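Structure, as C-alpha cells:
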Amino acid sequence: MPKVFFTRQLERFLAVPTVEVAGATLGEALAQVFAANPALRSYVLDDQGALRQHVAVFVNGCPATDRKGLTDPVGADEEIYVFQALSGG
Amino acid sequence: MSDRLYVGTRKGLFEIARKGRAWDVADVHFLGDPVTAVLARGGVVHAALDLGHFGAKLWRKDNAKPWREIAVPVFPPKPEEAGDDPHPWTLGKIWNITPGGSDGRLWAGTMPGGLFRSDDGGESWSLVESLWRMPERLKWFGVAGGEQPGISTVLVDPRDPADIRVGVSCAGVWASTDTGATWRNINKGMYNEYMPPEQRGDPNTQDIHQLAHCAAQPEVMWCQHHSAIYRSEDTGENWRELKAARPSGFGFAVAAHPRDPKTAWFVPATKDERRIPVDGKVVVSRTRDGGKSFDVLSRGLPQRHAYDLAHRHALAIDDSGERLAFGSTSGGFWVSEDAGEQWAALDARLPPVSVVRFAVA
C-alpha cells in the first residue's frame, strides 16, 4: 500500500503520523488520510481542493504534476511526501 | 476601561497588561506565526493566523482554557460560470473579526474580499454570497503589497445589528440594512487620486484603508482613505474631506471616540512617494472639532530618525475613550492613558505589528 509522509513542521499544529493508505491516485490517497484526520485537509489543500501554492508533494520521488485535480497515479508500494517549500525570514 | 491588550504581529500574538502604572508583556501566544486579526471580549479571544504554506487558521481561547483550533471560513466550490473571476475562491487571510451585535454572531472580513458570517462564535462560517456575487466585486483590486482585495473594516450599528457597513481596499463602502441579505455601494464624495481621471470619483474604486464610527452616535463615521481623511454624518452615504489634517492626510488607521462624535485619532505618514512618517517623526493626529482642526501629538513618541508606520488595524481605543495604543511596522508599540497627550513606549522590540485590540468585558 502507498505510504504517506508529512513534514515535521506540521507537528507544531497537529498530529501527522506516517500512514499507509489504499488508493491509485494522489487524490484518493490523500482523501483517505483526511478521512482519518479531517483537520489536516486545510493545511494541505486550498478551498477548491487544489494543493496549496507553497505545499510541495512528491510521488515516488517526482513532484506532483496535477496540483489541482490530484490525478497523479500512485503505485502500490510507492511513497508520497508532503512538505513545505521553505521561504521567508 | 481596559487593562489588557492583544497585539498581533508577524511572529506571534503578544498579550500586554497594565501592572501598576506601566504596561508590559504578560504572555506570548503562537510565537513565530503571523497573526492577522484578533478579537478579545467577554473572556473569549479569537486569533487568526496566516501560516503561509499551510493557509489561514483560526483559534479560540475561552478564559483559562487552552487554545483550540476552530473552523476557518471556506469559499464554496467555484462554479464554471465564474471562470473569469479575477480573484481566487480560496481564503487568503482573515483581516478582521467583528462582533455582530447578537449572541454568537461574528463577521470576518477577508482577502480576497469575501465577507463571512458565523452565528456560533466562530465554530462555523458561511460566505455572504450576496456581496461576493455583486458584479462590481469583479472590479475590486489588490492592496497592501498583495494582489487580492480585502475587506478592511466591518462596522455594525450598536443599536441595530442588521445595519452593517463594510470598507473595502479596494473598493468602496458597502451598506446593508438587512444583516447582509442585500448591499449597496455608497460613499459619495470620495476621490481616489491615483485612478485614471474618469474613475476618480467612482464609489467602487475608493481605497478605504479603514473606517470607524462613534459607538454612541454611529451615523458619524470616519475614514482614513488612501487619498485623504473623510468624515460622514449619515452613516457613510456622503463624505466630506477633512482638508485641515496635518502633518498629512495619508495614513492607514483611524480610531473614533466612543462617545464624542467630533473626536478621532490618526497616525499620519508621507504618502506613496516614500511611505515613512513625515520628517522621520512618529506622531498621532487628533481632531476634537469634527475635523475643522487637528492636534499633532508627539509627547513620548520618537522624534528623530523614526520610520514606524501604523497599518490599518494597528491603532486601538478602549471603551473609555482615554486609552489608546498603536504598534508599528518596525515593532514599536506605544500606549496613552490620556487620549493621546502623552505616550509610553513598551519596553520590548516586537515583530512588525499588524493588529492591536483592547480586551473588552
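Here's how to read the names in the C-alpha cells: chain A, B, ... by the order shown, residue numbers from 1 in each chain, ligand numbers from 1 in the order shown.
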Write down, as a PyMOL selection string, each residue of chain A that has any atom within 10 Å of an atom of chain B, counting only C-alpha atoms.
chain A and resi 10+12-14+39-56+83-88
Could you write out, as a compact mmCIF listing (two decimals) with C-alpha atoms, in the first residue's frame, all the residues of segment 32-212 of chain B that DSSP marks as strand (DSSP E)?
```
# COMPACT_ATOMS: atom_id res chain seq x y z
CA VAL B 35 -1.24 36.88 13.37
CA THR B 36 -3.59 38.83 11.09
CA ALA B 37 -6.65 39.52 13.26
CA VAL B 38 -7.66 39.30 16.91
CA LEU B 39 -10.82 39.88 18.92
CA ALA B 40 -10.96 39.74 22.73
CA ARG B 41 -14.24 40.21 24.56
CA VAL B 44 -13.07 34.85 24.77
CA VAL B 45 -10.16 35.53 22.43
CA HIS B 46 -10.20 34.76 18.70
CA ALA B 47 -6.88 34.86 16.83
CA ALA B 48 -6.45 34.48 13.07
CA LEU B 49 -3.13 33.16 11.79
CA ASP B 50 -1.68 33.26 8.30
CA ALA B 56 -5.16 30.84 7.20
CA LYS B 57 -6.23 29.36 10.52
CA LEU B 58 -8.49 30.45 13.35
CA TRP B 59 -8.01 29.69 17.04
CA ARG B 60 -10.19 30.40 20.06
CA LYS B 61 -9.42 30.65 23.76
CA ASP B 62 -12.14 30.62 26.41
CA ARG B 68 -8.15 25.28 20.32
CA GLU B 69 -8.31 25.47 16.55
CA ILE B 70 -11.79 26.16 15.21
CA LYS B 93 -6.19 35.69 5.05
CA ILE B 94 -8.62 36.79 7.72
CA TRP B 95 -8.16 40.57 8.09
CA ASN B 96 -10.62 41.35 10.87
CA ILE B 97 -13.12 39.67 13.19
CA THR B 98 -16.02 41.84 14.36
CA PRO B 99 -18.79 41.14 16.88
CA LEU B 106 -19.27 37.31 14.23
CA TRP B 107 -18.29 38.83 10.92
CA ALA B 108 -14.93 38.07 9.31
CA GLY B 109 -13.50 40.34 6.62
CA THR B 110 -11.00 38.53 4.43
CA MET B 111 -8.72 38.66 1.47
CA LEU B 115 -17.24 38.58 3.97
CA PHE B 116 -18.10 35.63 6.20
CA ARG B 117 -20.71 35.27 8.94
CA SER B 118 -20.77 33.00 11.97
CA SER B 126 -20.65 30.91 5.74
CA LEU B 127 -19.74 33.22 2.88
CA GLY B 150 -9.54 42.80 1.17
CA ILE B 151 -12.40 43.76 3.45
CA SER B 152 -10.58 46.14 5.74
CA THR B 153 -13.42 47.08 8.10
CA VAL B 154 -16.80 45.76 9.22
CA LEU B 155 -18.92 48.16 11.31
CA VAL B 156 -22.14 47.04 12.96
CA ASP B 157 -24.59 49.63 14.30
CA ASP B 160 -29.35 47.66 15.17
CA PRO B 161 -27.26 44.56 14.34
CA ALA B 162 -28.90 44.35 10.90
CA ASP B 163 -27.26 47.63 9.86
CA ILE B 164 -23.76 46.98 8.56
CA ARG B 165 -21.10 49.00 6.77
CA VAL B 166 -18.15 47.32 5.09
CA GLY B 167 -15.00 49.08 3.92
CA VAL B 168 -13.06 47.51 1.07
CA SER B 169 -9.48 48.02 -0.04
CA GLY B 172 -15.61 51.47 -1.55
CA VAL B 173 -18.01 51.47 1.36
CA TRP B 174 -20.81 48.93 1.13
CA ALA B 175 -24.03 49.12 3.13
CA SER B 176 -26.56 46.52 4.18
CA ARG B 184 -25.39 48.98 -1.90
CA ASN B 185 -22.11 50.68 -2.80
CA ILE B 208 -10.81 52.53 2.09
CA HIS B 209 -7.84 51.97 4.36
CA GLN B 210 -10.01 51.93 7.47
CA LEU B 211 -13.42 53.03 8.76
CA ALA B 212 -14.51 53.83 12.32
```
Enumerate as a VMD selection string all residues of segment 84-315 of chain B assigned to alpha helix (DSSP H) by DSSP on the backbone, naming them with the chain letters and numbers the document uses.
chain B and resid 129 to 132
Would you save the residues from that selection as a CSV table (one decimal), in the first residue's frame, using C-alpha atoms?
```csv
chain,number,residue,atom,x,y,z
B,129,GLU,CA,-22.8,35.3,-1.2
B,130,SER,CA,-25.0,38.4,-1.7
B,131,LEU,CA,-21.9,40.6,-1.5
B,132,TRP,CA,-19.5,38.2,-3.2
```
Kindly give the distance, in Å, that separates atom CA of Val220 of chain B and atom CA of Lys292 of chain B, rounded to a single decimal.
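Atom CA of Lys292 of chain B lies 14.9 Å from atom CA of Val220 of chain B.
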Which distance in Å separates atom CA of Lys262 of chain B and atom CA of Gly201 of chain B, to one decimal?
25.7 Å
Given only C-alpha atoms as the counted atoms, nearest of A:Glu11, A:Val33, A:Leu26, A:Pro38 to Thr65 of chain A:
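With only C-alpha atoms as the atom set, the closest residue is A:Leu26.
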Using only C-alpha atoms, determine which residues lie at most 7 Å from segment 231-242 of chain B, disregarding the query and same-chain residues fewer than 3 positions distant; provide the list as a PDB file with N, CA and C atoms, in the first residue's frame.
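Generated file (out02.pdb):
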```
ATOM      1  N   ILE B 186     -22.047  52.651  -1.362  1.00  0.00           N
ATOM      2  CA  ILE B 186     -22.390  54.037  -1.041  1.00  0.00           C
ATOM      3  C   ILE B 186     -21.123  54.897  -1.173  1.00  0.00           C
ATOM      4  N   ASN B 187     -20.892  55.777  -0.278  1.00  0.00           N
ATOM      5  CA  ASN B 187     -19.697  56.632  -0.248  1.00  0.00           C
ATOM      6  C   ASN B 187     -19.582  57.681  -1.366  1.00  0.00           C
ATOM      7  N   LYS B 188     -20.576  58.563  -1.434  1.00  0.00           N
ATOM      8  CA  LYS B 188     -20.452  59.721  -2.339  1.00  0.00           C
ATOM      9  C   LYS B 188     -19.492  60.739  -1.719  1.00  0.00           C
ATOM     10  N   GLY B 189     -18.723  61.392  -2.580  1.00  0.00           N
ATOM     11  CA  GLY B 189     -17.866  62.485  -2.118  1.00  0.00           C
ATOM     12  C   GLY B 189     -16.413  62.117  -1.970  1.00  0.00           C
ATOM     13  N   MET B 190     -16.098  60.846  -2.113  1.00  0.00           N
ATOM     14  CA  MET B 190     -14.683  60.456  -2.031  1.00  0.00           C
ATOM     15  C   MET B 190     -14.031  60.546  -3.402  1.00  0.00           C
ATOM     16  N   PRO B 218     -23.507  56.309  15.864  1.00  0.00           N
ATOM     17  CA  PRO B 218     -22.822  55.604  14.771  1.00  0.00           C
ATOM     18  C   PRO B 218     -23.092  56.153  13.375  1.00  0.00           C
ATOM     19  N   GLU B 219     -24.013  57.116  13.255  1.00  0.00           N
ATOM     20  CA  GLU B 219     -24.143  57.746  11.938  1.00  0.00           C
ATOM     21  C   GLU B 219     -22.920  58.605  11.619  1.00  0.00           C
ATOM     22  N   VAL B 220     -22.143  58.948  12.648  1.00  0.00           N
ATOM     23  CA  VAL B 220     -20.896  59.679  12.417  1.00  0.00           C
ATOM     24  C   VAL B 220     -19.774  58.670  12.179  1.00  0.00           C
ATOM     25  N   MET B 221     -19.228  58.707  10.962  1.00  0.00           N
ATOM     26  CA  MET B 221     -18.175  57.771  10.581  1.00  0.00           C
ATOM     27  C   MET B 221     -16.953  58.543  10.103  1.00  0.00           C
ATOM     28  N   TRP B 222     -15.801  57.925  10.322  1.00  0.00           N
ATOM     29  CA  TRP B 222     -14.523  58.478   9.874  1.00  0.00           C
ATOM     30  C   TRP B 222     -13.893  57.488   8.909  1.00  0.00           C
ATOM     31  N   CYS B 223     -13.159  58.004   7.947  1.00  0.00           N
ATOM     32  CA  CYS B 223     -12.466  57.133   7.002  1.00  0.00           C
ATOM     33  C   CYS B 223     -11.035  57.616   6.790  1.00  0.00           C
ATOM     34  N   ALA B 228      -6.969  60.755   1.469  1.00  0.00           N
ATOM     35  CA  ALA B 228      -7.300  61.804   2.431  1.00  0.00           C
ATOM     36  C   ALA B 228      -8.034  61.202   3.621  1.00  0.00           C
ATOM     37  N   ALA B 245      -6.306  68.268   7.936  1.00  0.00           N
ATOM     38  CA  ALA B 245      -5.467  67.208   8.510  1.00  0.00           C
ATOM     39  C   ALA B 245      -3.995  67.568   8.398  1.00  0.00           C
ATOM     40  N   GLY B 291     -13.051  67.670  12.678  1.00  0.00           N
ATOM     41  CA  GLY B 291     -12.157  67.761  11.533  1.00  0.00           C
ATOM     42  C   GLY B 291     -11.843  69.172  11.079  1.00  0.00           C
TER      43      GLY B 291
END
```
